[in-house]
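A short write-up of the structure that comes next.
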Amino acid sequence: QINYPMCTLADVPRNPAHCVEWAKQIEWDRAKPFGEDDLDCDNPKHMQWLYQAALKRAEDHGIQGVTLKFTQGVAKRIIPAIAATNAVVAAACANEVLKLATAVCGHMSTETGGHYMMYQGGDGIFTNTMSHEKQDECAVCGRKAVRLSVPKEITISHLIEQMKSDARLRLQNPAISAPANTASGMKTIYNPHVKSIFEKTKANLDEMLVTWVTESGLELTIDDPVMATQKQVAIHYTDESMVVG
């Protein structure tokens with residue numbers, strides 16, 4: 001993004017961009033072509049007016065190159081993203097091929113410092129490589145059950161509050177199912193997402209978890225709007241007494 005001196009825009013424009021910026025920053029507020037409306041660069045009528053004002057400014061100062069497309073690009077600060085992205089990716093790929101073909105240095109991999117490349121080119125050029133590592137207990141994609149220690153007399157409502165406050169889960173409004181001798185192999189303990197099931201299971205909030213999970217090690221299946229997939233929570237009972245805050 002480029003900021004132009006106001007004196008240049010107002011007095012001595014030297015290129016098409018100066019004309020567009022003059023129309024955008026100065027002439028729009030002076031002329032008020034649409035009353036008190038602010039300039040909306042996504043409004044075709046606003047952009048057409050901006051283009052005509054910039055074109056007249058350019059003609060008055062003998063400057064060529066002001067088009068509607070150019071005006072939109074300057075006003076919205078648009079860069080040719082597709083071409084620029086393709087060029088950066090192609091250059092990075094060519095660089096890696098050169099490394100593989102000549103062994104001039106190590107190519108991108110976990111062993112050599114990273115397999116993920118980040119490129120920043122807003123105010124210069126900066127690149128960095130890093131490795132993405134999967135967290136087994138990730139609340140989004142992790143498949144490993146989260147171990148949760150609870151007292152034996154904990155109720156479903158208190159279990160939900162404990163899971164909400166657990167940073168490994170970060171739940172908002174969980175539905176809970178437990179292993180059971182049913183056709184599906186699971187039994188719904190509580191489900192706030194489906195009205196008919198909620199009406200049948202809301203009374204379970206005051207029941208103790210041990211009613212469904214009789215021993216440590218059994219896993220609950222948790223479904224929550226904040227999670228992309230279901231999550232398993234392994235219950236482990238402690239000898240501590242339940243403390244109600």
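Here, A, B, ... name the chains of the structure tokens in the order displayed, residue numbers run from 1 inside each chain, and ligands are numbered from 1 in the same displayed order.
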Closest atom pairs, stretch 72-98 of chain A residues within 10 Å of stretch 119-125 of chain A, only C-alpha atoms, as CSV:
```
residue,atom,partner,partner_atom,distance
A:Thr85,CA,A:Tyr119,CA,9.9
A:Val88,CA,A:Tyr119,CA,8.2
A:Val89,CA,A:Tyr119,CA,9.5
A:Ala92,CA,A:Tyr119,CA,9.7
```
Could you please take those selected residues and save N, CA and C atoms as a compact mmCIF listing (two decimals), in the first residue's frame?
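Dumped everything to part.txt:
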```txt
# COMPACT_ATOMS: atom_id res chain seq x y z
N THR A 85 0.62 -14.73 -6.60
CA THR A 85 0.70 -15.98 -5.83
C THR A 85 1.34 -17.08 -6.66
N VAL A 88 5.11 -16.59 -6.86
CA VAL A 88 5.81 -16.94 -5.61
C VAL A 88 5.89 -18.46 -5.45
N VAL A 89 4.77 -19.14 -5.70
CA VAL A 89 4.75 -20.60 -5.57
C VAL A 89 5.70 -21.25 -6.59
N ALA A 92 9.27 -20.79 -5.47
CA ALA A 92 9.59 -21.67 -4.34
C ALA A 92 9.79 -23.10 -4.81
```
- Using DSSP on the backbone coordinates, identify the residues of stretch 46-140 of chain A assigned to helix (DSSP H, G or I); present them as a PyMOL selection string. chain A and resi 46-60+68-75+81-102
Would you mind exporting C-alpha atoms of the selected residues as an mmCIF file, in the first residue's frame?
```
data_model
loop_
_atom_site.group_PDB
_atom_site.id
_atom_site.type_symbol
_atom_site.label_atom_id
_atom_site.label_comp_id
_atom_site.auth_asym_id
_atom_site.auth_seq_id
_atom_site.Cartn_x
_atom_site.Cartn_y
_atom_site.Cartn_z
ATOM 1 C CA HIS A 46 -19.497 5.310 -7.118
ATOM 2 C CA MET A 47 -16.653 3.716 -9.042
ATOM 3 C CA GLN A 48 -17.946 5.094 -12.350
ATOM 4 C CA TRP A 49 -18.026 8.615 -10.902
ATOM 5 C CA LEU A 50 -14.546 8.152 -9.436
ATOM 6 C CA TYR A 51 -13.262 6.967 -12.819
ATOM 7 C CA GLN A 52 -14.747 9.961 -14.670
ATOM 8 C CA ALA A 53 -13.311 12.422 -12.142
ATOM 9 C CA ALA A 54 -9.866 10.798 -12.287
ATOM 10 C CA LEU A 55 -9.967 10.684 -16.101
ATOM 11 C CA LYS A 56 -10.755 14.411 -16.346
ATOM 12 C CA ARG A 57 -7.967 15.175 -13.877
ATOM 13 C CA ALA A 58 -5.552 13.106 -15.968
ATOM 14 C CA GLU A 59 -6.594 14.819 -19.231
ATOM 15 C CA ASP A 60 -6.140 18.269 -17.659
ATOM 16 C CA LEU A 68 -12.022 1.989 -15.062
ATOM 17 C CA LYS A 69 -10.106 -1.173 -14.208
ATOM 18 C CA PHE A 70 -7.061 0.821 -13.140
ATOM 19 C CA THR A 71 -9.255 3.116 -11.038
ATOM 20 C CA GLN A 72 -10.783 0.129 -9.269
ATOM 21 C CA GLY A 73 -7.344 -1.324 -8.601
ATOM 22 C CA VAL A 74 -6.001 1.886 -7.057
ATOM 23 C CA ALA A 75 -9.154 2.701 -5.081
ATOM 24 C CA ALA A 81 -3.223 -11.766 -6.424
ATOM 25 C CA ILE A 82 -3.513 -14.793 -8.701
ATOM 26 C CA ALA A 83 -0.489 -13.874 -10.814
ATOM 27 C CA ALA A 84 1.554 -12.817 -7.783
ATOM 28 C CA THR A 85 0.702 -15.983 -5.835
ATOM 29 C CA ASN A 86 1.486 -18.228 -8.785
ATOM 30 C CA ALA A 87 4.834 -16.493 -9.269
ATOM 31 C CA VAL A 88 5.810 -16.940 -5.611
ATOM 32 C CA VAL A 89 4.755 -20.599 -5.574
ATOM 33 C CA ALA A 90 6.551 -21.308 -8.858
ATOM 34 C CA ALA A 91 9.733 -19.665 -7.585
ATOM 35 C CA ALA A 92 9.592 -21.666 -4.337
ATOM 36 C CA CYS A 93 9.062 -24.919 -6.258
ATOM 37 C CA ALA A 94 11.928 -24.146 -8.633
ATOM 38 C CA ASN A 95 14.149 -23.404 -5.649
ATOM 39 C CA GLU A 96 13.329 -26.769 -4.073
ATOM 40 C CA VAL A 97 13.956 -28.600 -7.370
ATOM 41 C CA LEU A 98 17.359 -26.923 -7.612
ATOM 42 C CA LYS A 99 18.203 -28.135 -4.109
ATOM 43 C CA LEU A 100 17.133 -31.704 -4.927
ATOM 44 C CA ALA A 101 18.924 -31.776 -8.280
ATOM 45 C CA THR A 102 22.230 -30.300 -7.150
#
```
- Message: as number ranges by chain, please: the residues near A:Leu209 (cut-off 10 Å, only C-alpha atoms, same-chain neighbours under 3 positions excluded).
- Response: A: 150-159, 178, 189, 204-206, 212-214, 235
- Task: Could you tell me, as an MDAnalysis selection string, which residues of stretch 133-212 of chain A DSSP assigns to strand (DSSP E) when given the backbone?
- Result: chainID A and resid 146:151 175:179 186:190
Please, could you write that set of residues out with N, CA, C and O atoms as a CSV table (one decimal), in the first residue's frame?
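Just written: out.csv:
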```
chain,number,residue,atom,x,y,z
A,146,VAL,N,-9.3,-37.7,25.5
A,146,VAL,CA,-8.8,-36.8,26.5
A,146,VAL,C,-9.2,-37.4,27.9
A,146,VAL,O,-10.3,-37.7,28.2
A,147,ARG,N,-8.2,-37.6,28.7
A,147,ARG,CA,-8.4,-38.1,30.0
A,147,ARG,C,-8.9,-37.0,31.0
A,147,ARG,O,-8.4,-36.0,31.1
A,148,LEU,N,-10.0,-37.4,31.6
A,148,LEU,CA,-10.7,-36.4,32.5
A,148,LEU,C,-10.9,-37.0,33.9
A,148,LEU,O,-11.5,-38.1,34.0
A,149,SER,N,-10.3,-36.4,34.9
A,149,SER,CA,-10.4,-37.0,36.3
A,149,SER,C,-11.5,-36.3,37.0
A,149,SER,O,-11.6,-35.0,37.0
A,150,VAL,N,-12.5,-37.0,37.5
A,150,VAL,CA,-13.6,-36.5,38.2
A,150,VAL,C,-14.0,-37.3,39.4
A,150,VAL,O,-13.6,-38.5,39.5
A,151,PRO,N,-14.6,-36.7,40.4
A,151,PRO,CA,-15.1,-37.5,41.6
A,151,PRO,C,-16.2,-38.4,41.2
A,151,PRO,O,-17.0,-38.1,40.3
A,175,ALA,N,-23.1,-32.3,23.7
A,175,ALA,CA,-24.0,-33.5,23.8
A,175,ALA,C,-23.1,-34.6,24.3
A,175,ALA,O,-22.0,-34.8,23.8
A,176,ILE,N,-23.7,-35.5,25.1
A,176,ILE,CA,-22.9,-36.6,25.7
A,176,ILE,C,-23.6,-37.9,25.5
A,176,ILE,O,-24.8,-38.1,25.7
A,177,SER,N,-22.8,-38.9,25.0
A,177,SER,CA,-23.3,-40.3,24.9
A,177,SER,C,-22.3,-41.2,25.6
A,177,SER,O,-21.1,-40.9,25.7
A,178,ALA,N,-22.8,-42.3,26.0
A,178,ALA,CA,-22.0,-43.3,26.8
A,178,ALA,C,-22.2,-44.7,26.1
A,178,ALA,O,-23.2,-45.0,25.5
A,179,PRO,N,-21.1,-45.6,26.3
A,179,PRO,CA,-21.3,-46.9,25.8
A,179,PRO,C,-22.5,-47.6,26.5
A,179,PRO,O,-22.7,-47.5,27.7
A,186,MET,N,-24.3,-47.2,21.8
A,186,MET,CA,-24.3,-46.0,22.6
A,186,MET,C,-25.6,-45.6,23.1
A,186,MET,O,-26.7,-45.9,22.5
A,187,LYS,N,-25.6,-44.8,24.2
A,187,LYS,CA,-26.8,-44.3,24.8
A,187,LYS,C,-26.6,-42.8,25.0
A,187,LYS,O,-25.6,-42.4,25.6
A,188,THR,N,-27.6,-42.0,24.6
A,188,THR,CA,-27.5,-40.6,24.8
A,188,THR,C,-27.8,-40.2,26.2
A,188,THR,O,-28.9,-40.5,26.7
A,189,ILE,N,-26.9,-39.6,26.9
A,189,ILE,CA,-27.1,-39.1,28.2
A,189,ILE,C,-27.7,-37.7,28.2
A,189,ILE,O,-28.7,-37.4,29.0
A,190,TYR,N,-27.2,-36.8,27.4
A,190,TYR,CA,-27.8,-35.5,27.3
A,190,TYR,C,-27.5,-34.9,25.9
A,190,TYR,O,-26.4,-35.1,25.4
```
- Message: Calculated over only C-alpha atoms, which of the candidates A:Met163, A:Ala234, A:Ile78, A:Met118 has the smallest distance to A:Lys144?
- Response: A:Ala234
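Our summary of the geometry notes that atom CA of A:Lys24 is positioned 9.7 Å from atom CA of A:Cys41.
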